[in-house]
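What's in entry.cif: mmCIF, C-alpha atoms and all ligand atoms
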data_final
#
loop_
_atom_site.label_atom_id
_atom_site.label_comp_id
_atom_site.auth_asym_id
_atom_site.auth_seq_id
_atom_site.Cartn_x
_atom_site.Cartn_y
_atom_site.Cartn_z
CA MET A 1 0.00 0.00 0.00
CA LEU A 2 1.13 3.52 -0.76
CA ASP A 3 1.88 5.76 2.18
CA VAL A 4 -0.15 8.95 2.36
CA LYS A 5 2.70 11.03 0.91
CA ASN A 6 2.77 8.94 -2.26
CA LEU A 7 -1.01 8.73 -2.33
CA LYS A 8 -0.99 12.53 -2.41
CA ILE A 9 1.47 12.67 -5.31
CA ASN A 10 -0.46 10.12 -7.39
CA LEU A 11 -3.87 11.53 -6.57
CA GLU A 12 -2.76 15.05 -7.42
CA SER A 13 -1.67 14.02 -10.89
CA LEU A 14 -4.88 12.06 -11.52
CA ILE A 15 -7.02 15.02 -10.41
CA LEU A 16 -5.02 17.52 -12.46
CA ASN A 17 -5.38 15.35 -15.56
CA CYS A 18 -9.13 14.73 -15.48
CA ASP A 19 -12.14 16.80 -16.61
CA LYS A 20 -13.87 16.65 -13.27
CA VAL A 21 -13.93 14.63 -10.09
CA ILE A 22 -16.98 12.67 -8.97
CA VAL A 23 -16.91 11.35 -5.42
CA PHE A 24 -19.03 8.48 -4.15
CA PRO A 25 -19.80 7.79 -0.50
CA HIS A 26 -21.26 4.28 0.03
CA LYS A 27 -24.98 3.44 0.07
CA SER A 28 -26.72 4.67 3.24
CA ALA A 29 -23.95 7.23 3.59
CA ASP A 30 -22.81 7.69 7.19
CA PHE A 31 -20.63 10.44 8.72
CA ASP A 32 -17.42 8.71 7.73
CA ALA A 33 -18.47 8.23 4.10
CA ILE A 34 -19.85 11.75 3.70
CA ALA A 35 -16.97 13.42 5.59
CA SER A 36 -14.26 11.67 3.58
CA SER A 37 -16.13 12.53 0.37
CA LEU A 38 -16.34 16.20 1.39
CA GLY A 39 -12.60 16.13 2.13
CA ILE A 40 -11.84 14.80 -1.36
CA SER A 41 -14.10 17.44 -2.85
CA LEU A 42 -12.19 20.10 -0.87
CA ILE A 43 -8.90 18.83 -2.31
CA SER A 44 -10.32 18.93 -5.85
CA THR A 45 -11.51 22.50 -5.37
CA GLU A 46 -8.05 23.53 -4.12
CA LEU A 47 -6.61 22.00 -7.31
CA ASN A 48 -9.13 24.09 -9.29
CA LYS A 49 -11.03 21.04 -10.42
CA GLU A 50 -14.81 20.82 -10.56
CA SER A 51 -16.16 18.12 -8.24
CA HIS A 52 -19.48 16.57 -7.29
CA ILE A 53 -20.53 14.16 -4.57
CA VAL A 54 -23.13 11.57 -5.56
CA VAL A 55 -25.62 10.68 -2.83
CA GLY A 56 -27.91 8.00 -4.28
CA ASP A 57 -30.05 7.56 -1.16
CA PRO A 58 -33.20 9.64 -0.79
CA ILE A 59 -31.91 12.30 1.63
CA TYR A 60 -34.77 11.83 4.11
CA LYS A 61 -33.80 8.20 4.53
CA LEU A 62 -30.31 9.05 5.72
CA ASP A 63 -29.35 9.29 9.37
CA HIS A 64 -30.62 12.63 10.70
CA GLY A 65 -27.11 13.80 11.54
CA VAL A 66 -25.97 13.11 7.98
CA GLN A 67 -28.97 15.08 6.68
CA THR A 68 -27.88 17.99 8.87
CA VAL A 69 -24.36 17.81 7.46
CA ILE A 70 -25.65 17.83 3.87
CA GLU A 71 -27.89 20.78 4.68
CA GLN A 72 -24.92 22.71 6.12
CA VAL A 73 -22.52 22.15 3.23
CA LYS A 74 -24.79 22.13 0.21
CA ASP A 75 -24.16 25.77 -0.72
CA ASN A 76 -20.41 25.22 -0.95
CA TYR A 77 -20.20 21.64 -2.19
CA SER A 78 -22.08 20.08 -5.06
CA ILE A 79 -24.12 17.16 -3.75
CA ILE A 80 -25.88 15.49 -6.66
CA ARG A 81 -28.31 12.63 -7.29
CA LEU A 82 -27.68 9.54 -9.35
CA ASP A 83 -29.58 11.01 -12.35
CA ASP A 84 -27.31 14.05 -12.32
CA TYR A 85 -24.26 11.79 -12.28
CA GLU A 86 -25.41 10.30 -15.59
CA LYS A 87 -25.55 13.84 -17.01
CA GLU A 88 -22.28 15.05 -15.44
CA LYS A 89 -19.97 12.16 -16.27
CA THR A 90 -17.59 12.47 -19.22
CA ASP A 91 -15.04 10.11 -20.74
CA ASN A 92 -12.39 11.72 -18.62
CA THR A 93 -14.16 11.90 -15.27
CA LEU A 94 -12.17 10.68 -12.28
CA ASN A 95 -14.32 8.63 -9.90
CA ILE A 96 -13.23 8.45 -6.28
CA ILE A 97 -15.05 6.07 -3.93
CA CYS A 98 -14.82 6.72 -0.19
CA ASP A 99 -15.27 4.38 2.77
CA TYR A 100 -16.04 1.27 0.66
CA ASN A 101 -14.40 -0.85 -2.01
CA LYS A 102 -17.09 -3.19 -3.38
CA PRO A 103 -19.96 -3.03 -5.86
CA GLN A 104 -22.58 -4.14 -3.28
CA LEU A 105 -22.14 -0.87 -1.40
CA SER A 106 -22.06 1.24 -4.53
CA TRP A 107 -24.79 3.16 -6.34
CA VAL A 108 -22.76 2.58 -9.50
CA ASN A 109 -21.85 -1.05 -10.16
CA SER A 110 -18.97 -0.67 -12.54
CA PHE A 111 -16.32 1.91 -13.20
CA ASP A 112 -13.60 2.20 -15.80
CA LYS A 113 -10.61 0.81 -13.89
CA GLU A 114 -8.33 3.55 -15.21
CA LYS A 115 -10.66 6.24 -13.87
CA LEU A 116 -11.21 4.85 -10.39
CA VAL A 117 -9.57 5.72 -7.08
CA ILE A 118 -10.46 3.89 -3.84
CA ILE A 119 -9.98 5.41 -0.40
CA ASP A 120 -11.08 3.05 2.32
CA HIS A 121 -10.31 1.36 5.63
CA HIS A 122 -12.29 -1.88 5.14
CA ASP A 123 -10.51 -5.09 4.20
CA LYS A 124 -10.22 -5.98 0.53
CA ASP A 125 -11.57 -9.22 -0.88
CA ASN A 126 -12.17 -10.73 -4.30
CA GLU A 127 -15.19 -8.43 -4.84
CA THR A 128 -13.10 -5.27 -4.47
CA PHE A 129 -13.24 -2.98 -7.53
CA GLU A 130 -10.17 -2.90 -9.74
CA SER A 131 -8.75 0.59 -9.72
CA ASN A 132 -5.97 2.80 -10.97
CA LEU A 133 -5.09 3.97 -7.46
CA GLU A 134 -6.15 2.58 -4.13
CA HIS A 135 -5.40 3.35 -0.54
CA ILE A 136 -7.13 0.68 1.51
CA ASP A 137 -5.71 0.85 5.00
CA SER A 138 -7.50 -1.29 7.56
CA SER A 139 -5.13 -0.06 10.26
CA SER A 140 -6.73 3.39 9.94
CA SER A 141 -9.76 4.02 12.13
CA SER A 142 -11.80 5.54 9.34
CA ALA A 143 -11.81 6.98 5.85
CA SER A 144 -12.04 10.37 7.57
CA GLU A 145 -8.71 9.75 9.29
CA ILE A 146 -7.06 8.87 5.95
CA VAL A 147 -8.54 11.92 4.21
CA THR A 148 -7.59 14.26 7.09
CA SER A 149 -4.03 13.11 6.78
CA LEU A 150 -4.22 13.44 2.99
CA ILE A 151 -5.52 17.04 3.18
CA ASN A 152 -2.67 17.78 5.56
CA ASN A 153 -0.18 16.42 3.01
CA PHE A 154 -1.69 18.76 0.43
CA GLU A 155 -1.12 21.56 2.99
CA ILE A 156 -4.71 22.67 2.56
CA LYS A 157 -6.38 24.61 5.35
CA ILE A 158 -9.48 22.75 6.53
CA PRO A 159 -12.52 25.01 7.05
CA ASP A 160 -14.25 24.70 10.47
CA ASN A 161 -17.37 23.00 9.19
CA ILE A 162 -15.47 20.32 7.27
CA ALA A 163 -13.13 19.77 10.24
CA ASN A 164 -16.19 19.11 12.42
CA VAL A 165 -17.63 16.61 9.96
CA LEU A 166 -14.31 14.79 9.57
CA LEU A 167 -14.06 14.62 13.35
CA ALA A 168 -17.61 13.19 13.49
CA GLY A 169 -16.49 10.56 10.94
CA ILE A 170 -13.61 9.53 13.19
CA LEU A 171 -15.83 9.57 16.30
CA LEU A 172 -18.37 7.32 14.57
CA ASP A 173 -15.90 4.65 13.50
CA THR A 174 -13.99 4.65 16.78
CA ASN A 175 -17.16 4.55 18.91
CA ARG A 176 -16.26 8.01 20.25
CA LEU A 177 -12.53 7.27 20.45
CA SER A 178 -13.00 4.08 22.45
CA LYS A 179 -11.81 1.54 19.82
CA ASN A 180 -9.44 1.33 16.81
CA VAL A 181 -7.64 4.43 18.03
CA THR A 182 -3.93 4.71 17.22
CA SER A 183 -1.47 7.54 17.76
CA ASP A 184 -2.09 8.44 14.09
CA THR A 185 -5.81 8.71 14.82
CA MET A 186 -5.08 11.12 17.67
CA ARG A 187 -2.64 13.14 15.53
CA ASN A 188 -5.43 13.61 13.00
CA VAL A 189 -7.94 14.44 15.73
CA THR A 190 -5.49 17.10 16.97
CA LEU A 191 -5.16 18.46 13.47
CA LEU A 192 -8.94 18.78 13.16
CA LEU A 193 -9.19 20.49 16.55
CA GLU A 194 -6.44 22.90 15.46
CA SER A 195 -8.45 23.58 12.30
CA GLY A 196 -11.42 24.75 14.36
CA ALA A 197 -13.37 21.56 15.07
CA THR A 198 -14.64 21.08 18.60
CA MET A 199 -15.67 17.88 20.37
CA GLU A 200 -18.99 19.56 21.27
CA GLN A 201 -19.80 20.39 17.64
CA ALA A 202 -18.74 17.03 16.26
CA ASN A 203 -20.66 15.16 18.96
CA SER A 204 -23.73 17.31 18.38
CA PHE A 205 -24.28 15.61 15.00
CA PHE A 206 -24.90 12.35 16.84
CA SER A 207 -27.68 13.71 19.01
CA GLU A 208 -29.63 14.23 15.80
CA ASP A 209 -30.44 10.53 16.14
CA PHE A 210 -32.94 11.54 18.80
CA LYS A 211 -35.87 11.75 16.37
CA SER A 212 -35.15 8.33 14.98
CA ASP A 213 -34.68 6.84 18.45
CA ARG A 214 -38.05 8.23 19.43
CA LYS A 215 -39.64 6.49 16.44
CA VAL A 216 -38.01 3.21 17.46
CA GLN A 217 -39.28 3.67 21.03
CA GLU A 218 -42.80 4.33 19.74
CA LEU A 219 -42.64 1.13 17.71
CA ILE A 220 -41.49 -0.81 20.76
CA ASN A 221 -44.28 0.69 22.86
CA SER A 222 -46.84 -0.58 20.37
CA THR A 223 -45.69 -4.21 20.71
CA LYS A 224 -48.32 -6.88 21.06
CA PHE A 225 -47.25 -10.23 22.44
CA LEU A 226 -48.79 -13.24 20.72
CA ASN A 227 -48.82 -16.54 22.62
CA TYR A 228 -46.51 -14.79 25.09
CA THR A 229 -43.52 -15.75 22.94
CA ILE A 230 -43.86 -13.74 19.76
CA GLY A 231 -43.56 -9.97 19.70
CA LEU A 232 -45.43 -8.18 16.95
CA ILE A 233 -44.90 -4.52 16.16
CA MET A 234 -47.13 -2.77 13.66
CA GLY A 235 -46.12 0.74 12.64
CA GLU A 236 -48.68 3.46 12.12
CA ASP A 237 -50.27 3.45 8.66
CA ASP A 238 -49.48 7.08 7.92
CA LYS A 239 -45.91 7.04 9.25
CA GLU A 240 -42.80 6.14 7.32
CA TYR A 241 -39.90 4.26 8.87
CA THR A 242 -36.46 3.23 7.72
CA LYS A 243 -35.58 -0.45 7.50
CA GLU A 244 -33.03 0.21 10.24
CA GLU A 245 -35.69 1.60 12.58
CA LEU A 246 -37.83 -1.50 12.09
CA ALA A 247 -34.81 -3.75 12.62
CA LYS A 248 -33.80 -1.88 15.78
CA ALA A 249 -37.30 -2.26 17.23
CA ALA A 250 -37.43 -5.99 16.43
CA ASP A 251 -33.93 -6.42 17.88
CA TYR A 252 -34.90 -4.68 21.09
CA LEU A 253 -37.70 -7.15 21.84
CA LEU A 254 -35.19 -10.02 21.98
CA LYS A 255 -34.08 -8.61 25.33
CA TYR A 256 -37.31 -10.04 26.72
CA GLN A 257 -38.82 -13.51 26.96
CA VAL A 258 -39.76 -13.77 23.32
CA ASP A 259 -38.73 -16.42 20.83
CA ALA A 260 -39.22 -14.16 17.85
CA SER A 261 -40.14 -10.60 17.01
CA TYR A 262 -41.53 -8.96 13.90
CA ALA A 263 -41.71 -5.25 13.11
CA ILE A 264 -43.93 -4.13 10.25
CA GLY A 265 -43.92 -0.62 8.80
CA ASN A 266 -44.14 1.54 5.67
CA ILE A 267 -40.73 2.28 4.22
CA GLY A 268 -41.93 4.54 1.40
CA ASP A 269 -42.74 4.06 -2.30
CA GLY A 270 -45.79 1.96 -1.37
CA ILE A 271 -43.63 -0.69 0.24
CA VAL A 272 -44.31 -2.33 3.58
CA SER A 273 -41.29 -4.00 5.13
CA ILE A 274 -41.21 -6.69 7.79
CA SER A 275 -38.10 -7.06 9.89
CA ALA A 276 -37.82 -10.31 11.84
CA ARG A 277 -35.51 -11.45 14.64
CA SER A 278 -35.33 -14.60 16.70
CA LYS A 279 -33.33 -16.28 19.46
CA ASP A 280 -33.15 -19.87 18.33
CA SER A 281 -36.42 -21.80 18.44
CA VAL A 282 -37.98 -20.04 15.44
CA ASN A 283 -36.30 -19.83 12.05
CA VAL A 284 -37.38 -16.35 10.93
CA GLY A 285 -35.49 -16.68 7.64
CA ASN A 286 -37.93 -19.45 6.69
CA VAL A 287 -40.92 -17.38 7.79
CA MET A 288 -39.71 -14.48 5.66
CA ARG A 289 -39.07 -16.77 2.69
CA GLU A 290 -42.76 -17.72 2.80
CA LEU A 291 -43.39 -14.02 2.19
CA LYS A 292 -40.84 -13.86 -0.66
CA GLY A 293 -38.12 -12.41 1.54
CA GLY A 294 -35.13 -14.06 3.11
CA GLY A 295 -32.60 -14.17 5.89
CA THR A 296 -31.00 -16.47 8.40
CA GLN A 297 -32.45 -18.36 11.34
CA PHE A 298 -31.91 -15.32 13.55
CA SER A 299 -32.63 -12.43 11.27
CA GLY A 300 -34.75 -11.89 8.19
CA ALA A 301 -36.81 -9.39 6.27
CA THR A 302 -39.19 -8.98 3.40
CA LYS A 303 -40.82 -6.22 1.39
CA LEU A 304 -44.47 -6.31 0.37
CA LYS A 305 -45.97 -4.03 -2.26
CA ASP A 306 -49.43 -2.50 -2.17
CA VAL A 307 -50.58 -3.86 1.17
CA SER A 308 -51.68 -2.07 4.32
CA ILE A 309 -49.86 -2.67 7.58
CA GLU A 310 -52.91 -4.61 8.74
CA GLU A 311 -52.87 -6.89 5.67
CA ALA A 312 -49.15 -7.47 6.02
CA GLY A 313 -49.76 -8.46 9.66
CA GLU A 314 -52.49 -10.87 8.63
CA ARG A 315 -50.31 -12.52 5.99
CA LEU A 316 -47.62 -12.96 8.58
CA MET A 317 -50.08 -14.43 11.11
CA LYS A 318 -51.27 -16.96 8.54
CA ILE A 319 -47.73 -18.25 8.26
CA ILE A 320 -46.96 -18.24 11.97
CA PHE A 321 -50.30 -19.73 13.09
CA PRO A 322 -51.65 -21.44 9.98
CA ASN A 323 -54.20 -23.52 11.89
CA HIS A 324 -55.36 -20.92 14.34
CA PHE A 325 -55.83 -17.97 12.09
CA GLU A 326 -58.83 -15.96 13.15
CA ARG A 327 -59.76 -12.39 12.39
CA LYS A 328 -60.00 -11.13 15.91
CA PRO A 329 -58.05 -8.36 17.52
CA LEU A 330 -54.73 -9.43 18.92
CA LYS A 331 -54.64 -9.55 22.67
CA LYS A 332 -52.35 -7.10 24.36
CA TYR A 333 -50.09 -8.69 26.90
MN MN B 401 -15.94 4.09 7.77
#
Represent the structure of the file as structure tokens.
Ligand SMILES: [Mn+2]
Amino acid sequence: MLDVKNLKINLESLILNCDKVIVFPHKSADFDAIASSLGISLISTELNKESHIVVGDPIYKLDHGVQTVIEQVKDNYSIIRLDDYEKEKTDNTLNIICDYNKPQLSWVNSFDKEKLVIIDHHDKDNETFESNLEHIDSSSSSASEIVTSLINNFEIKIPDNIANVLLAGILLDTNRLSKNVTSDTMRNVTLLLESGATMEQANSFFSEDFKSDRKVQELINSTKFLNYTIGLIMGEDDKEYTKEELAKAADYLLKYQVDASYAIGNIGDGIVSISARSKDSVNVGNVMRELKGGGTQFSGATKLKDVSIEEAGERLMKIIFPNHFERKPLKKY
């Protein structure tokens, strides 16, 4: 692997020789992905090169903190949708992917090898994209740490707001500096603090999860226990949830004396999702397969189109209790 000094030299020449730079955070962009992408965009701007960051996820589905970040930077950085990428790309566009290295996590499944740069801290495997230049360093805490050190090598001054986001990226992937922290991590943290980031500001992005946590708590509060051993959560018909919120709620119920838990909710675009979890006596993967979904014994999910929450619940009941299915209200435990 190239050290950051050589990464800088190679990246500089690739950026200077392309038409424009397009940066890709991974699907369901988190702080680390978005922060490292912003850092790369900052470098491109300093090299007088046009750059765009492609966020393929519907913005409202992203973590609330990430939405806040995008809101704060969107006047100074070009954040574009997948459709715009199709319009923007040219034969000589340099694509830079941040915080991932595989097609499964990518909104774009294939890139011209010669026009691809990978900056990541996750292990490589045989799925990893082929690229012209890669810096995949699993000893780094985060892509944000790598990019901070890269910006420093370019001797670029980091604006306050970007320093705060990069710090949030490092805090996320180190569980607030409690794991994967090396002296290099701390040197980069220091650099960000010297550039105007503060722990208070960077941490404040995380408290944006409050809204989502509340939704998960509401889901949990609505649990009905069937046969004392199965937890069923049905979201409100007019509310939209993320798959993660449903999964978190189903996960939470496993803390109690349940064998399995199911959380049902609208996830947008007319789709109702069921997230299922179990300890070990119920194979929820099989239950979900009956509903055209999938999973393992312990965790599964499915998506149903054009059904109400109620109907989705009934379909699920028919599979769990095929012989006892009756249309009467579920008893609250
Ligand atoms: Mn990361």
Exercise. Which residue out of A:Arg187, A:His122, A:Lys255, A:Arg81 has the minimum interatomic distance to ligand MN 401 (chain B) when all atoms listed in the file are used?
Worked result: A:His122
Problem set entry | Environment of ligand MN 401 (chain B) within 9 Å, counting only C-alpha atoms and all ligand atoms, reported as a PyMOL selection string | chain A and resi 30-33+36+98-100+120-122+141-144+169-170+172-173
Exercise. If you count all atoms listed in the file, which residues fall within 9 Å of Pro159 in chain A, apart from same-chain ones fewer than 6 positions away, as a ChimeraX atom specification?
Worked result: /A:195-197
Exercise. What is the CA of Glu12 in chain A-CA of Lys157 in chain A distance in Å, reported with one decimal?
Worked result: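 Separation between CA of Glu12 in chain A and CA of Lys157 in chain A: 16.4 Å.
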Exercise. So, counting only C-alpha atoms, which residue among A:Leu304, A:Ile97, A:Leu232, A:Met317 is closest to Arg277 in chain A?
Worked result: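 The shortest atom-to-atom distance to Arg277 in chain A comes from A:Leu232.
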Problem set entry | Contact residues around Asp125 in chain A with only C-alpha atoms at 9 Å, ignoring same-chain residues under 2 positions, as a list in words |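 Close residues of Asp125 in chain A: Asn101, Lys102, Asp123, Glu127 and Thr128 of chain A.
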Exercise. What gap, in Å, lies between CA of Glu50 in chain A and CA of Leu150 in chain A?
Worked result: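 So the answer is 18.7 Å.
Excluding range 104-115 of chain A and any residue on its chain fewer than 4 positions from it, the residues at most 6 Å away by all atoms listed in the file are His26, Lys27, Leu94, Asn95, Glu130, Ser131 and Asn132 of chain A.
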How close does range 119-186 of chain A get to range 199-212 of chain A? List, as CSV, each residue of range 119-186 of chain A within 10 Å, its nearest atom pair and the distance in Å to one decimal, counting only C-alpha atoms.
residue,atom,partner,partner_atom,distance
A:Asn161,CA,A:Gln201,CA,9.2
A:Ala163,CA,A:Ala202,CA,8.7
A:Asn164,CA,A:Ala202,CA,5.1
A:Val165,CA,A:Ala202,CA,6.4
A:Leu166,CA,A:Ala202,CA,8.3
A:Leu167,CA,A:Ala202,CA,6.0
A:Ala168,CA,A:Ala202,CA,4.9
A:Gly169,CA,A:Ala202,CA,8.7
A:Ile170,CA,A:Ala202,CA,9.6
A:Leu171,CA,A:Asn203,CA,7.9
A:Leu172,CA,A:Phe206,CA,8.5
A:Arg176,CA,A:Asn203,CA,8.5
Mind dumping the selected residues with C-alpha atoms as a short mmCIF file (atom, residue, chain, number, x, y, z; two decimals), keeping the file's coordinate frame?
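Printed below is selection32.cif as written:
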data_model
loop_
_atom_site.label_atom_id
_atom_site.label_comp_id
_atom_site.auth_asym_id
_atom_site.auth_seq_id
_atom_site.Cartn_x
_atom_site.Cartn_y
_atom_site.Cartn_z
CA ASN A 161 -17.37 23.00 9.19
CA ALA A 163 -13.13 19.77 10.24
CA ASN A 164 -16.19 19.11 12.42
CA VAL A 165 -17.63 16.61 9.96
CA LEU A 166 -14.31 14.79 9.57
CA LEU A 167 -14.06 14.62 13.35
CA ALA A 168 -17.61 13.19 13.49
CA GLY A 169 -16.49 10.56 10.94
CA ILE A 170 -13.61 9.53 13.19
CA LEU A 171 -15.83 9.57 16.30
CA LEU A 172 -18.37 7.32 14.57
CA ARG A 176 -16.26 8.01 20.25
#
